[in-house]
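One file, upload_35.cif, carrying mmCIF, C-alpha atoms:
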data_protein
loop_
_atom_site.label_atom_id
_atom_site.label_comp_id
_atom_site.auth_asym_id
_atom_site.auth_seq_id
_atom_site.Cartn_x
_atom_site.Cartn_y
_atom_site.Cartn_z
CA MET A 2 -21.00 5.75 19.90
CA GLN A 3 -19.41 2.95 17.89
CA PRO A 4 -19.57 1.65 14.33
CA CYS A 5 -22.69 -0.37 13.55
CA PRO A 6 -22.06 -4.11 13.16
CA LYS A 7 -21.93 -5.31 9.56
CA THR A 8 -25.16 -6.88 8.41
CA ALA A 9 -24.11 -7.66 4.85
CA TRP A 10 -20.93 -7.95 2.82
CA PRO A 11 -20.53 -5.30 0.09
CA ARG A 12 -21.76 -6.29 -3.36
CA GLU A 13 -18.52 -5.22 -4.97
CA ILE A 14 -14.88 -5.19 -3.95
CA ALA A 15 -13.92 -1.80 -5.34
CA ALA A 16 -11.10 -2.17 -7.84
CA LEU A 17 -7.56 -0.95 -7.18
CA CYS A 18 -5.03 -0.22 -9.92
CA LEU A 19 -1.24 -0.52 -9.96
CA HIS A 20 1.27 0.30 -12.67
CA ALA A 21 3.49 -2.78 -12.57
CA ASP A 22 6.59 -1.29 -14.14
CA ALA A 23 10.19 -2.53 -13.80
CA GLU A 24 10.68 -0.50 -10.62
CA ALA A 25 7.63 -2.06 -8.94
CA VAL A 26 8.66 -5.55 -10.06
CA ARG A 27 12.21 -5.02 -8.75
CA ALA A 28 10.79 -3.75 -5.44
CA TYR A 29 8.51 -6.80 -5.20
CA ALA A 30 11.46 -9.09 -5.94
CA GLU A 31 13.35 -7.48 -3.05
CA LEU A 32 10.31 -7.78 -0.76
CA THR A 33 9.83 -11.50 -1.44
CA ALA A 34 13.41 -12.54 -2.30
CA ASP A 35 12.02 -13.81 -5.60
CA PHE A 36 14.68 -13.01 -8.18
CA ASN A 37 13.48 -15.49 -10.81
CA PRO A 38 14.97 -14.10 -14.06
CA ILE A 39 11.63 -14.58 -15.78
CA HIS A 40 10.59 -11.39 -13.94
CA LEU A 41 13.84 -9.42 -14.08
CA ASP A 42 16.08 -10.46 -16.98
CA ALA A 43 14.96 -9.35 -20.44
CA GLU A 44 17.44 -11.61 -22.20
CA PHE A 45 16.41 -14.70 -20.23
CA ALA A 46 12.69 -13.95 -20.47
CA GLY A 47 13.02 -13.21 -24.17
CA ALA A 48 14.11 -16.77 -24.77
CA THR A 49 11.03 -18.21 -23.00
CA PRO A 50 7.53 -18.60 -24.47
CA PHE A 51 6.59 -15.34 -22.71
CA GLY A 52 9.02 -13.36 -24.87
CA ALA A 53 9.62 -10.66 -22.25
CA PRO A 54 9.75 -10.28 -18.46
CA ILE A 55 6.46 -10.91 -16.67
CA ILE A 56 5.30 -9.68 -13.27
CA HIS A 57 5.24 -11.96 -10.21
CA GLY A 58 1.85 -13.65 -9.91
CA THR A 59 1.48 -12.60 -6.29
CA LEU A 60 2.29 -8.97 -7.12
CA GLY A 61 -1.12 -8.95 -8.79
CA LEU A 62 -2.77 -11.29 -6.27
CA ASN A 63 -1.72 -8.98 -3.44
CA LEU A 64 -3.41 -6.06 -5.18
CA ALA A 65 -6.61 -8.12 -4.99
CA VAL A 66 -5.92 -8.87 -1.30
CA GLN A 67 -5.43 -5.13 -0.73
CA ALA A 68 -8.77 -4.44 -2.44
CA ILE A 69 -10.47 -7.06 -0.23
CA GLU A 70 -8.95 -5.58 2.94
CA ARG A 71 -10.06 -2.07 1.97
CA ALA A 72 -13.58 -3.32 1.24
CA VAL A 73 -14.09 -5.15 4.54
CA GLU A 74 -11.67 -3.11 6.74
CA VAL A 75 -10.73 -6.09 8.91
CA VAL A 76 -9.83 -9.36 7.22
CA PRO A 77 -11.79 -12.03 9.09
CA ALA A 78 -10.01 -15.13 10.42
CA GLY A 79 -11.01 -17.90 8.07
CA LEU A 80 -10.77 -15.79 4.93
CA ALA A 81 -10.01 -18.26 2.14
CA ILE A 82 -8.70 -17.42 -1.32
CA GLU A 83 -8.19 -19.76 -4.24
CA VAL A 84 -6.85 -18.49 -7.56
CA ARG A 85 -5.10 -19.57 -10.69
CA PHE A 86 -2.67 -17.43 -12.59
CA SER A 87 -4.33 -17.70 -15.97
CA ARG A 88 -2.32 -15.29 -18.08
CA PRO A 89 1.20 -13.86 -17.85
CA VAL A 90 1.34 -10.09 -17.46
CA PRO A 91 4.22 -8.25 -19.14
CA VAL A 92 6.23 -5.89 -16.97
CA GLY A 93 5.01 -2.35 -17.67
CA THR A 94 1.31 -3.24 -17.60
CA THR A 95 -1.22 -1.39 -15.45
CA ILE A 96 -3.23 -4.01 -13.57
CA ARG A 97 -6.64 -3.72 -11.93
CA ALA A 98 -7.94 -5.98 -9.14
CA GLY A 99 -11.37 -6.31 -7.57
CA GLY A 100 -14.32 -8.63 -7.09
CA THR A 101 -18.05 -9.22 -7.22
CA LEU A 102 -20.22 -10.92 -4.58
CA ARG A 103 -21.52 -14.27 -5.85
CA ASP A 104 -22.96 -15.84 -2.67
CA ALA A 105 -24.08 -13.52 0.13
CA ALA A 106 -24.71 -16.40 2.57
CA THR A 107 -21.08 -17.49 2.55
CA GLY A 108 -19.55 -14.14 1.60
CA THR A 109 -18.06 -15.65 -1.53
CA TYR A 110 -16.70 -13.31 -4.20
CA GLU A 111 -15.39 -13.88 -7.67
CA ILE A 112 -12.08 -12.04 -7.63
CA PHE A 113 -9.83 -11.04 -10.48
CA VAL A 114 -6.73 -9.26 -11.61
CA GLU A 115 -6.88 -7.96 -15.16
CA THR A 116 -4.86 -5.88 -17.57
CA GLU A 117 -5.92 -2.45 -18.81
CA ALA A 118 -7.24 -4.26 -21.92
CA GLY A 119 -9.54 -6.32 -19.68
CA GLU A 120 -7.62 -9.58 -20.05
CA ARG A 121 -7.94 -11.67 -16.89
CA ALA A 122 -4.56 -12.61 -15.43
CA VAL A 123 -5.67 -13.95 -12.04
CA GLU A 124 -9.06 -15.58 -11.53
CA GLY A 125 -10.61 -17.23 -8.52
CA THR A 126 -12.69 -16.90 -5.41
CA CYS A 127 -12.48 -15.29 -2.02
CA THR A 128 -14.71 -16.53 0.82
CA LEU A 129 -15.15 -14.23 3.82
CA GLY A 130 -17.61 -16.42 5.74
CA ALA A 131 -21.11 -15.89 7.07
CA LEU A 132 -21.86 -12.69 9.01
CA GLY A 133 -23.37 -12.72 12.48
CA MET B 26 17.66 -26.54 2.90
CA THR B 27 20.45 -26.35 0.32
CA ASN B 28 21.49 -28.93 -2.21
CA THR B 29 25.12 -29.96 -1.82
CA SER B 30 26.56 -28.18 -4.87
CA PRO B 31 25.59 -24.74 -6.26
CA ALA B 32 25.03 -26.42 -9.62
CA ASP B 33 22.90 -29.09 -7.99
CA VAL B 34 19.52 -27.38 -8.35
CA TRP B 35 16.31 -28.80 -6.96
CA THR B 36 14.69 -30.85 -9.68
CA PHE B 37 11.32 -32.57 -9.95
CA ASP B 38 12.88 -35.90 -9.00
CA ASP B 39 14.21 -34.45 -5.73
CA PHE B 40 10.77 -33.68 -4.29
CA GLU B 41 9.04 -36.16 -2.00
CA PRO B 42 5.38 -35.49 -1.20
CA GLY B 43 5.00 -35.07 2.56
CA ALA B 44 8.61 -34.04 3.13
CA GLU B 45 9.52 -30.84 4.95
CA LEU B 46 11.75 -28.63 2.81
CA GLY B 47 12.71 -25.98 5.30
CA ARG B 48 11.82 -23.49 8.02
CA VAL B 49 12.26 -19.76 7.66
CA SER B 50 11.86 -16.89 10.12
CA VAL B 51 10.37 -13.65 8.77
CA ALA B 52 10.46 -10.38 10.73
CA LEU B 53 7.57 -7.99 10.09
CA ASP B 54 9.83 -5.04 10.80
CA ASP B 55 9.81 -1.39 9.77
CA ALA B 56 11.99 -2.03 6.70
CA ARG B 57 9.59 -4.64 5.38
CA ILE B 58 6.57 -2.41 5.98
CA ALA B 59 8.36 0.46 4.16
CA SER B 60 9.06 -1.86 1.21
CA TRP B 61 5.42 -2.86 1.12
CA ARG B 62 4.27 0.76 1.29
CA ALA B 63 6.55 1.70 -1.63
CA ILE B 64 4.59 -0.70 -3.84
CA TYR B 65 1.05 -0.70 -2.45
CA GLY B 66 0.74 2.53 -0.49
CA THR B 67 -0.25 3.11 3.11
CA PRO B 68 -1.63 0.04 4.95
CA VAL B 69 -5.34 0.09 5.79
CA ALA B 70 -4.69 -0.03 9.56
CA PRO B 71 -1.40 1.01 11.21
CA ASP B 72 -1.76 -1.50 14.05
CA ARG B 73 -2.14 -4.52 11.76
CA VAL B 74 0.14 -5.93 9.11
CA PRO B 75 -1.62 -5.82 5.72
CA ALA B 76 -2.97 -9.23 4.71
CA GLY B 77 -1.08 -8.99 1.42
CA MET B 78 2.19 -8.48 3.28
CA LEU B 79 1.62 -11.86 4.90
CA VAL B 80 1.28 -13.34 1.42
CA ALA B 81 4.58 -11.68 0.46
CA ALA B 82 6.14 -13.17 3.62
CA MET B 83 4.81 -16.58 2.58
CA MET B 84 6.49 -16.20 -0.81
CA GLU B 85 9.77 -15.17 0.80
CA ALA B 86 9.67 -18.22 3.07
CA TYR B 87 8.91 -20.46 0.09
CA LEU B 88 11.81 -18.92 -1.87
CA LYS B 89 14.32 -19.16 0.98
CA ALA B 90 13.35 -22.60 2.29
CA PHE B 91 15.22 -24.52 -0.40
CA GLN B 92 17.79 -23.38 -2.92
CA PRO B 93 19.17 -23.34 -5.57
CA ARG B 94 16.37 -23.71 -8.09
CA PRO B 95 16.31 -23.98 -11.87
CA PRO B 96 15.38 -20.70 -13.57
CA GLY B 97 11.96 -20.42 -15.18
CA ASN B 98 9.66 -22.12 -12.67
CA ILE B 99 6.07 -20.95 -13.14
CA HIS B 100 3.63 -20.09 -10.34
CA ALA B 101 0.37 -21.52 -11.64
CA GLY B 102 -2.03 -21.34 -8.70
CA GLN B 103 -2.41 -20.38 -5.07
CA THR B 104 -4.65 -21.08 -2.11
CA LEU B 105 -4.62 -18.98 1.06
CA ALA B 106 -6.32 -19.46 4.43
CA PHE B 107 -5.93 -16.55 6.84
CA GLY B 108 -5.94 -17.02 10.60
CA ALA B 109 -4.95 -14.63 13.36
CA SER B 110 -3.80 -11.14 12.39
CA ALA B 111 -0.19 -10.03 12.88
CA ARG B 112 1.15 -6.74 14.20
CA PRO B 113 4.13 -4.67 13.09
CA GLY B 114 7.21 -5.99 14.89
CA ASP B 115 6.00 -9.59 15.09
CA ARG B 116 8.27 -12.40 13.91
CA LEU B 117 6.67 -15.24 11.97
CA GLU B 118 7.97 -18.77 11.67
CA ALA B 119 7.28 -20.50 8.38
CA GLN B 120 7.31 -24.20 7.57
CA VAL B 121 7.54 -25.26 3.92
CA THR B 122 6.65 -28.76 2.74
CA CYS B 123 6.15 -30.60 -0.53
CA ARG B 124 2.47 -31.54 -0.73
CA ASP B 125 2.25 -33.24 -4.09
CA LYS B 126 3.91 -33.75 -7.46
CA LEU B 127 2.60 -34.99 -10.78
CA PHE B 128 4.08 -35.36 -14.26
CA ARG B 129 1.29 -34.75 -16.76
CA LYS B 130 1.27 -33.65 -20.39
CA GLU B 131 5.02 -33.04 -20.37
CA ARG B 132 4.69 -30.69 -17.39
CA ARG B 133 6.18 -31.16 -13.93
CA TRP B 134 3.51 -30.06 -11.47
CA VAL B 135 4.70 -29.58 -7.88
CA THR B 136 2.51 -28.29 -5.04
CA PHE B 137 4.12 -26.81 -1.93
CA GLY B 138 2.49 -26.10 1.42
CA VAL B 139 3.50 -23.13 3.55
CA THR B 140 2.29 -22.32 7.07
CA LEU B 141 3.15 -19.07 8.86
CA ARG B 142 2.85 -19.07 12.64
CA ASN B 143 3.08 -16.28 15.18
CA GLY B 144 3.88 -18.13 18.39
CA ALA B 145 1.23 -20.80 18.70
CA GLN B 146 -1.19 -19.08 16.32
CA ASP B 147 -1.56 -19.87 12.64
CA VAL B 148 -1.47 -16.59 10.72
CA LEU B 149 -1.59 -17.84 7.15
CA SER B 150 -1.41 -21.18 5.41
CA GLY B 151 -1.70 -22.06 1.79
CA GLU B 152 -0.58 -24.03 -1.21
CA ILE B 153 1.66 -22.84 -4.02
CA ARG B 154 1.03 -24.75 -7.24
CA THR B 155 3.95 -24.63 -9.65
CA ILE B 156 5.12 -25.95 -12.99
CA TRP B 157 8.71 -26.88 -12.21
CA ALA B 158 11.23 -26.10 -14.94
CA LYS B 159 13.53 -29.10 -14.67
#
Turn this file's structure into structure tokens for me.
Amino acid sequence: MQPCPKTAWPREIAALCLHADAEAVRAYAELTADFNPIHLDAEFAGATPFGAPIIHGTLGLNLAVQAIERAVEVVPAGLAIEVRFSRPVPVGTTIRAGGTLRDAATGTYEIFVETEAGERAVEGTCTLGALG
Amino acid sequence: MTNTSPADVWTFDDFEPGAELGRVSVALDDARIASWRAIYGTPVAPDRVPAGMLVAAMMEAYLKAFQPRPPGNIHAGQTLAFGASARPGDRLEAQVTCRDKLFRKERRWVTFGVTLRNGAQDVLSGEIRTIWAK
């Protein structure tokens, strides 16, 4: 017995949530060596147009990548992602990441990261490729 | 690559499209996997490095490849193309280049390319689109 081969990509990439508090942002800074004060220094960030520290863009993007990996189990070689970071997310926000199938033939999804208020912070596409 | 003086940060004028900015080695070791798990939870498969951890490794390579930088650079966009998978314990070699730069509407746009290789195999490549602060 073995798992049946996939015949179709899932219609939805089930959303994952993460509370992006100061501890998570500090841990992500350590993981990536990204100590940009815009993420970590309240005084510095307060003097920027953002007004307060914001989370790393890829902290949210990687939540979307996690959601994709959970949805398809094995990330296929050739997986392509293209996103823009459309809105800064203040540290302390709970973020939600997922996606919706837009083109079954190419396995293309609209993917997103959004705040608990539903404001999109990361927007783009993920293309898994044709099955079979 | 390091500019000659600590105060001599990398500015928009320093970047040359097509130029290599540095190479960085990233170990996918137990400590890194534990750091990942502390943020995102248990990886989907224990015998494969999570795809997102490769993205984090790409960011580390990009951050370490050339320093110092002006504070306040903004990450505006990202492309990613995944290749072969990586396993815990692998060591990746990253190459960071400047792909493009453009001054438009008072903003300094700089695009960097990063490729992560595991031996002869491409694991992840992509572009990091930034608004450079200085």
What are the closest atom pairs, with distances in Å to one decimal, for all residues of chain B lying within 8 Å of chain A? Consider only C-alpha atoms, order rows by chain and residue number, and present the result as a tab-separated table.
residue	atom	partner	partner_atom	distance
B:Arg57	CA	A:Leu32	CA	6.9
B:Ser60	CA	A:Leu32	CA	6.4
B:Trp61	CA	A:Leu32	CA	7.2
B:Ala63	CA	A:Ala28	CA	7.9
B:Ile64	CA	A:Ala25	CA	6.1
B:Tyr65	CA	A:Leu64	CA	7.5
B:Val69	CA	A:Arg71	CA	6.4
B:Pro75	CA	A:Gln67	CA	7.5
B:Ala76	CA	A:Val66	CA	6.7
B:Gly77	CA	A:Asn63	CA	4.9
B:Met78	CA	A:Asn63	CA	7.8
B:Val80	CA	A:Asn63	CA	7.2
B:Ala81	CA	A:Thr33	CA	5.6
B:Ala82	CA	A:Thr33	CA	6.5
B:Met84	CA	A:Thr33	CA	5.8
B:Glu85	CA	A:Thr33	CA	4.3
B:Leu88	CA	A:Asp35	CA	6.3
B:Lys89	CA	A:Ala34	CA	7.4
B:Pro96	CA	A:Asn37	CA	6.2
B:Gly97	CA	A:Ile39	CA	5.9
B:Asn98	CA	A:Asn37	CA	7.9
B:His100	CA	A:Gly58	CA	6.7
B:Ala101	CA	A:Phe86	CA	5.2
B:Gly102	CA	A:Arg85	CA	4.1
B:Gln103	CA	A:Val84	CA	5.4
B:Thr104	CA	A:Glu83	CA	4.3
B:Leu105	CA	A:Ile82	CA	5.0
B:Ala106	CA	A:Ala81	CA	4.5
B:Phe107	CA	A:Leu80	CA	5.3
B:Gly108	CA	A:Ala78	CA	4.5
B:Ala109	CA	A:Ala78	CA	5.9
B:Ser110	CA	A:Ala78	CA	7.6
Next on the checklist: Starting from the PyMOL selection byres ((chain B and resi 120-130) around 12), expand the selection into actual residues of this file and give them as JSON, numbers by chain.
Outcome noted: {"B": [26, 36, 37, 38, 39, 40, 41, 42, 43, 44, 45, 46, 47, 48, 49, 50, 51, 82, 83, 84, 85, 86, 87, 88, 89, 90, 91, 117, 118, 119, 131, 132, 133, 134, 135, 136, 137, 138, 139, 140, 141, 142, 143, 147, 149, 150, 151, 152, 153, 154, 155, 156, 157, 158, 159]}
Item to check | Å distance separating atom CA of A:Ala15 from atom CA of B:Ala70, one decimal place | outcome: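 Atom CA of B:Ala70 lies 17.6 Å from atom CA of A:Ala15.
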Next on the checklist: Just to confirm, what's the straight-line distance from atom CA of A:Gly119 to atom CA of A:Glu44 in Å (one decimal)?
Outcome noted: 27.6 Å
Next on the checklist: Take the PyMOL selection byres ((chain A and resi 132) around 8), run it mentally on this structure, and tell me the resulting residues as a count of residues only.
Outcome noted: 9
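Residue neighbourhood of A:Arg12, excluding near-sequence residues (fewer than 2 positions): Ala9, Trp10, Ile14, Ala15, Ile69, Ala72, Val73, Gly99, Gly100, Thr101, Leu102, Arg103, Asp104, Ala105, Gly108, Thr109, Tyr110 and Glu111 of chain A, at 12 Å, using all atoms listed in the file.
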Next on the checklist: Would you compute the distance between atom CA of A:Phe51 and atom CA of A:Pro91? Give it in Å to one decimal.
Outcome noted: 8.3 Å
